[in-house]
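Take a look at the structure set out below.
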Amino acid sequence: MSPGEAILSRAATLRSEFGAELSDHVAESFFTEASAITRDTVQREGERGRMTLDRTIDRVLTSRALGFPVMFLMLWGVFWITIAGANYPSSLLAWLTMDVIHSWLHTAADAILLPAWLSGFLLDGVYLAMAWVLSVMLPPMAIFFPLFTLLEDLGYLPRVAFNLDRLFKWSGAHGKQVLSMMMGYGCNAAGIVSTRIIDSPRERLIAILTNNFSICNGRWPTLILIGTIFLGASAPAGMATLIASASVVFTCILGIIFTLLVSAILSRTWLRGQASTFSLELPPYRPPRILQTLWTSLIDRTLIVLWRALVMAAPAGAVIWLTSNIEIGDTSIAGHLVNLLGPLGWLMGLNGVILLAYVVAIPANEIIIPTILMLTLTLSITDPSLTGMASAGVMVEFEEGTIQRVLSLGGWTMLTAINLMLFCLLHNPCSTTILTIWKETRSLRWTAVATLMPLALGGIVCTATATIARLMGWV
């Protein structure tokens, strides 16, 4: 036996003797000794009072009894403020970009004698797709990201990681996966890149494969809108916003549950191995830096994510317009595809329009709702008061009440809305995230797993939900 093999064999023997908690005990002894040395040798003016206040707050925020309820209440509050505050700015932006500016552009196109098919392609396809993304995404992001950054700046997010660390340890994942998961709530591609903080290749791969269960910014508008116009609308008037925000929070919690369950399965099957030590040092609480928070959230996060969405929305809008206006026989290409996907959509409690929208929206999740509305109007609605509002392949802007009416006439039920929220959580990553996964893993195999695994889970969960609802007679 070589010296290296002898060392590894001895290490395995000691690990079996001392148990899986050995690395934790060693790390704990290091920090205990370092704390004792610091306490005996270092004195700072005013430090004791501040540390006492920090520890008093941490007794609440990181306690076993109150840590999770406080965390969920804060998350609920962030979504409630986002939903309540984004409605009016979003409506104003939609009116400006999709009514006023769009009308001006058509007037200019007519003045220069631009062919109708070209103005339709450029203005009704490419431009309106970008305008919808801008009006739907910018107001929620401008509220959500500053609030999220404020929690990060105050020092609360490491406390969230501390609360969740025990659950990730149970699942066999690395504790730092909590941090990459939270990055995924802004953008899954950024969350994938942030897994570089995990040293273990095995545990980093688990974090990469499960990051898609963090709801990225492109999916928030879909969840917020569907939660508002279906679940919120079914509640009493004074409770509508609370119920809508609660539905979004519940979907977010489901994402955490799926992250833990899939991590546990992977760590016990394909990616079995020894867990790494993770020592999380809680930073002191800091007073908010309002100007820096606004700059970081609006410039470094909101505008960058928005620009990426706009770049992806342009070609997607072109595809939507083309498939809706090019006909084979008496039916458009979009109509043929919807009919093809219809049976699978029914089985999953959805419909062919929704599945086609998710195929078209692989470049950008932000255009799911406008694609669904456009396809529903042109393929499923016969009401003259609605069909006259849009031409084939044209994204239109509606009030929430009109959106609910369009979707209801298109065959939507409460089951469709709930399953769309589930499928919004459990479906394949966007093209940017898929490319990022490949760059980080350099493996087509793991890129395919990361892409198809959530899609398969989405199909299974939605089918099970629809089957149970039909057997129970709820639909």
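Just so we're on the same page: first chain in the structure tokens is A, next is B, and so on; residues restart at 1 for each chain, and ligands are numbered from 1 in the order they show up.
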Name the residues in contact with Leu303 in chain A at a cut-off of 10 Å, using only C-alpha atoms, excluding same-chain residues fewer than 6 positions from it; report them as an MDAnalysis selection string.
chainID A and resid 138 141:142 297 309
Filtering to N, CA and C atoms, could you give me those residues as a compact mmCIF listing (two decimals), in the first residue's frame?
# COMPACT_ATOMS: atom_id res chain seq x y z
N LEU A 138 -40.49 45.82 -15.00
CA LEU A 138 -39.78 46.92 -14.35
C LEU A 138 -40.39 47.33 -13.01
N MET A 141 -39.73 44.63 -10.21
CA MET A 141 -38.30 44.55 -9.92
C MET A 141 -37.82 45.78 -9.17
N ALA A 142 -38.32 46.96 -9.56
CA ALA A 142 -37.91 48.21 -8.92
C ALA A 142 -38.33 48.26 -7.46
N SER A 297 -29.44 47.86 -6.25
CA SER A 297 -30.62 47.10 -6.70
C SER A 297 -31.13 47.57 -8.05
N ALA A 309 -33.68 40.49 -20.39
CA ALA A 309 -35.04 40.07 -20.76
C ALA A 309 -35.48 40.71 -22.06
Write out as a list of chain:residue names all residues of range 162-191 of chain A that DSSP puts in alpha helix (DSSP H) for this structure's backbone.
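Listing alpha helix (DSSP H) positions across range 162-191 of chain A yields A:Phe162, A:Asn163, A:Leu164, A:Asp165, A:Arg166, A:Leu167, A:Phe168, A:Lys169, A:Trp170, A:Gln177, A:Val178, A:Leu179, A:Ser180, A:Met181, A:Met182, A:Met183, A:Gly184, A:Asn188, A:Ala189, A:Ala190, A:Gly191.
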Restricting it to N, CA and C atoms, dump the selection as a PDB file, in the first residue's frame.
ATOM      1  N   PHE A 162     -28.615  30.630   8.063  1.00  0.00           N
ATOM      2  CA  PHE A 162     -28.402  29.904   9.314  1.00  0.00           C
ATOM      3  C   PHE A 162     -29.627  29.054   9.652  1.00  0.00           C
ATOM      4  N   ASN A 163     -30.832  29.624   9.481  1.00  0.00           N
ATOM      5  CA  ASN A 163     -32.054  28.873   9.787  1.00  0.00           C
ATOM      6  C   ASN A 163     -32.227  27.660   8.881  1.00  0.00           C
ATOM      7  N   LEU A 164     -31.857  27.823   7.607  1.00  0.00           N
ATOM      8  CA  LEU A 164     -32.060  26.749   6.639  1.00  0.00           C
ATOM      9  C   LEU A 164     -30.912  25.741   6.618  1.00  0.00           C
ATOM     10  N   ASP A 165     -29.804  26.076   7.278  1.00  0.00           N
ATOM     11  CA  ASP A 165     -28.621  25.212   7.198  1.00  0.00           C
ATOM     12  C   ASP A 165     -28.911  23.812   7.715  1.00  0.00           C
ATOM     13  N   ARG A 166     -29.684  23.696   8.783  1.00  0.00           N
ATOM     14  CA  ARG A 166     -29.994  22.372   9.340  1.00  0.00           C
ATOM     15  C   ARG A 166     -30.748  21.510   8.329  1.00  0.00           C
ATOM     16  N   LEU A 167     -31.674  22.153   7.587  1.00  0.00           N
ATOM     17  CA  LEU A 167     -32.435  21.400   6.593  1.00  0.00           C
ATOM     18  C   LEU A 167     -31.548  20.957   5.437  1.00  0.00           C
ATOM     19  N   PHE A 168     -30.638  21.820   5.004  1.00  0.00           N
ATOM     20  CA  PHE A 168     -29.742  21.438   3.918  1.00  0.00           C
ATOM     21  C   PHE A 168     -28.753  20.371   4.377  1.00  0.00           C
ATOM     22  N   LYS A 169     -28.362  20.418   5.643  1.00  0.00           N
ATOM     23  CA  LYS A 169     -27.490  19.369   6.172  1.00  0.00           C
ATOM     24  C   LYS A 169     -28.216  18.031   6.148  1.00  0.00           C
ATOM     25  N   TRP A 170     -29.516  18.041   6.510  1.00  0.00           N
ATOM     26  CA  TRP A 170     -30.304  16.801   6.440  1.00  0.00           C
ATOM     27  C   TRP A 170     -30.365  16.276   5.020  1.00  0.00           C
ATOM     28  N   GLN A 177     -25.182  26.220  -0.138  1.00  0.00           N
ATOM     29  CA  GLN A 177     -26.197  26.138  -1.190  1.00  0.00           C
ATOM     30  C   GLN A 177     -27.352  27.085  -0.880  1.00  0.00           C
ATOM     31  N   VAL A 178     -27.571  27.386   0.404  1.00  0.00           N
ATOM     32  CA  VAL A 178     -28.612  28.347   0.763  1.00  0.00           C
ATOM     33  C   VAL A 178     -28.341  29.687   0.091  1.00  0.00           C
ATOM     34  N   LEU A 179     -27.074  30.105   0.086  1.00  0.00           N
ATOM     35  CA  LEU A 179     -26.723  31.402  -0.487  1.00  0.00           C
ATOM     36  C   LEU A 179     -26.916  31.409  -1.999  1.00  0.00           C
ATOM     37  N   SER A 180     -26.512  30.330  -2.674  1.00  0.00           N
ATOM     38  CA  SER A 180     -26.709  30.270  -4.125  1.00  0.00           C
ATOM     39  C   SER A 180     -28.192  30.166  -4.470  1.00  0.00           C
ATOM     40  N   MET A 181     -28.969  29.488  -3.611  1.00  0.00           N
ATOM     41  CA  MET A 181     -30.406  29.402  -3.826  1.00  0.00           C
ATOM     42  C   MET A 181     -31.032  30.791  -3.746  1.00  0.00           C
ATOM     43  N   MET A 182     -30.614  31.596  -2.789  1.00  0.00           N
ATOM     44  CA  MET A 182     -31.175  32.932  -2.629  1.00  0.00           C
ATOM     45  C   MET A 182     -30.764  33.839  -3.782  1.00  0.00           C
ATOM     46  N   MET A 183     -29.570  33.645  -4.331  1.00  0.00           N
ATOM     47  CA  MET A 183     -29.179  34.387  -5.521  1.00  0.00           C
ATOM     48  C   MET A 183     -30.091  34.038  -6.689  1.00  0.00           C
ATOM     49  N   GLY A 184     -30.559  32.783  -6.725  1.00  0.00           N
ATOM     50  CA  GLY A 184     -31.435  32.346  -7.802  1.00  0.00           C
ATOM     51  C   GLY A 184     -32.770  33.054  -7.813  1.00  0.00           C
ATOM     52  N   ASN A 188     -31.586  32.860 -12.052  1.00  0.00           N
ATOM     53  CA  ASN A 188     -31.020  31.519 -11.904  1.00  0.00           C
ATOM     54  C   ASN A 188     -29.624  31.417 -12.485  1.00  0.00           C
ATOM     55  N   ALA A 189     -29.349  32.150 -13.561  1.00  0.00           N
ATOM     56  CA  ALA A 189     -27.996  32.137 -14.122  1.00  0.00           C
ATOM     57  C   ALA A 189     -26.987  32.676 -13.105  1.00  0.00           C
ATOM     58  N   ALA A 190     -27.365  33.757 -12.398  1.00  0.00           N
ATOM     59  CA  ALA A 190     -26.493  34.292 -11.347  1.00  0.00           C
ATOM     60  C   ALA A 190     -26.359  33.298 -10.197  1.00  0.00           C
ATOM     61  N   GLY A 191     -27.454  32.604  -9.878  1.00  0.00           N
ATOM     62  CA  GLY A 191     -27.393  31.592  -8.838  1.00  0.00           C
ATOM     63  C   GLY A 191     -26.460  30.451  -9.197  1.00  0.00           C
TER      64      GLY A 191
END
Nearby residues (only C-alpha atoms) at most 7 Å from Ala314 in chain A, same-chain spacing under 2 positions excluded, as a short mmCIF file (atom, residue, chain, number, x, y, z; two decimals) with C-alpha atoms, in the first residue's frame:
data_model
loop_
_atom_site.label_atom_id
_atom_site.label_comp_id
_atom_site.auth_asym_id
_atom_site.auth_seq_id
_atom_site.Cartn_x
_atom_site.Cartn_y
_atom_site.Cartn_z
CA VAL A 126 -40.74 42.48 -31.86
CA TYR A 127 -41.59 45.87 -30.31
CA ALA A 129 -42.97 41.82 -26.93
CA MET A 130 -40.26 44.12 -25.56
CA LEU A 310 -35.54 42.67 -23.48
CA VAL A 311 -32.80 41.13 -25.63
CA MET A 312 -34.42 37.71 -25.27
CA ALA A 316 -39.42 35.54 -29.10
CA GLY A 317 -41.88 38.24 -30.17
CA ALA A 318 -40.85 37.71 -33.78
#
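For range 139-385 of chain A, backbone-based DSSP assignment of strand (DSSP E) covers Glu327, Ile328, Thr331 and Ser332 of chain A.
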When you look at Phe230 in chain A with a cut-off of 12 Å (counting only C-alpha atoms), what residues show up, excluding the ones that are within fewer than 6 positions of it in the same chain? I need them as JSON, numbers by chain.
{"A": [222, 223, 224, 240, 241, 243, 244, 247, 400, 401, 403, 404, 405, 407, 408, 412, 413, 414, 415, 416, 417, 418, 419, 420, 421]}
Store the residues of this selection in a file with C-alpha atoms, as a PDB file, in the first residue's frame.
ATOM      1  CA  THR A 222     -46.596  35.263 -13.918  1.00  0.00           C
ATOM      2  CA  LEU A 223     -47.063  34.119 -10.325  1.00  0.00           C
ATOM      3  CA  ILE A 224     -48.134  37.553  -9.125  1.00  0.00           C
ATOM      4  CA  ALA A 240     -57.522  39.952  -2.095  1.00  0.00           C
ATOM      5  CA  THR A 241     -53.957  41.297  -1.888  1.00  0.00           C
ATOM      6  CA  ILE A 243     -54.415  35.991  -0.471  1.00  0.00           C
ATOM      7  CA  ALA A 244     -52.571  36.786  -3.703  1.00  0.00           C
ATOM      8  CA  SER A 247     -50.192  32.175  -2.880  1.00  0.00           C
ATOM      9  CA  GLU A 400     -56.696  42.583 -14.738  1.00  0.00           C
ATOM     10  CA  GLY A 401     -60.473  42.113 -15.050  1.00  0.00           C
ATOM     11  CA  ILE A 403     -57.340  39.339 -18.550  1.00  0.00           C
ATOM     12  CA  GLN A 404     -59.440  37.127 -16.277  1.00  0.00           C
ATOM     13  CA  ARG A 405     -62.337  37.329 -18.715  1.00  0.00           C
ATOM     14  CA  LEU A 407     -58.631  33.411 -19.862  1.00  0.00           C
ATOM     15  CA  SER A 408     -62.008  32.225 -18.540  1.00  0.00           C
ATOM     16  CA  TRP A 412     -59.444  28.382 -17.820  1.00  0.00           C
ATOM     17  CA  THR A 413     -60.613  27.216 -14.399  1.00  0.00           C
ATOM     18  CA  MET A 414     -59.143  27.533 -10.918  1.00  0.00           C
ATOM     19  CA  LEU A 415     -57.346  24.236 -11.587  1.00  0.00           C
ATOM     20  CA  THR A 416     -55.684  25.763 -14.659  1.00  0.00           C
ATOM     21  CA  ALA A 417     -54.504  28.751 -12.621  1.00  0.00           C
ATOM     22  CA  ILE A 418     -53.129  26.628  -9.768  1.00  0.00           C
ATOM     23  CA  ASN A 419     -51.357  24.231 -12.125  1.00  0.00           C
ATOM     24  CA  LEU A 420     -49.872  27.130 -14.080  1.00  0.00           C
ATOM     25  CA  MET A 421     -48.368  28.432 -10.829  1.00  0.00           C
TER      26      MET A 421
END
Using only C-alpha atoms, which of A:Ala84, A:Ala235, A:Leu457, A:Leu205 sits nearest Val193 in chain A?
A:Leu205
Which residue, A:Leu73, A:Ala65, A:Cys424, A:Phe79, has the smallest gap to Glu366 in chain A when you use only C-alpha atoms?
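Of A:Leu73, A:Ala65, A:Cys424, A:Phe79, the one nearest Glu366 in chain A, counting only C-alpha atoms, is A:Cys424.
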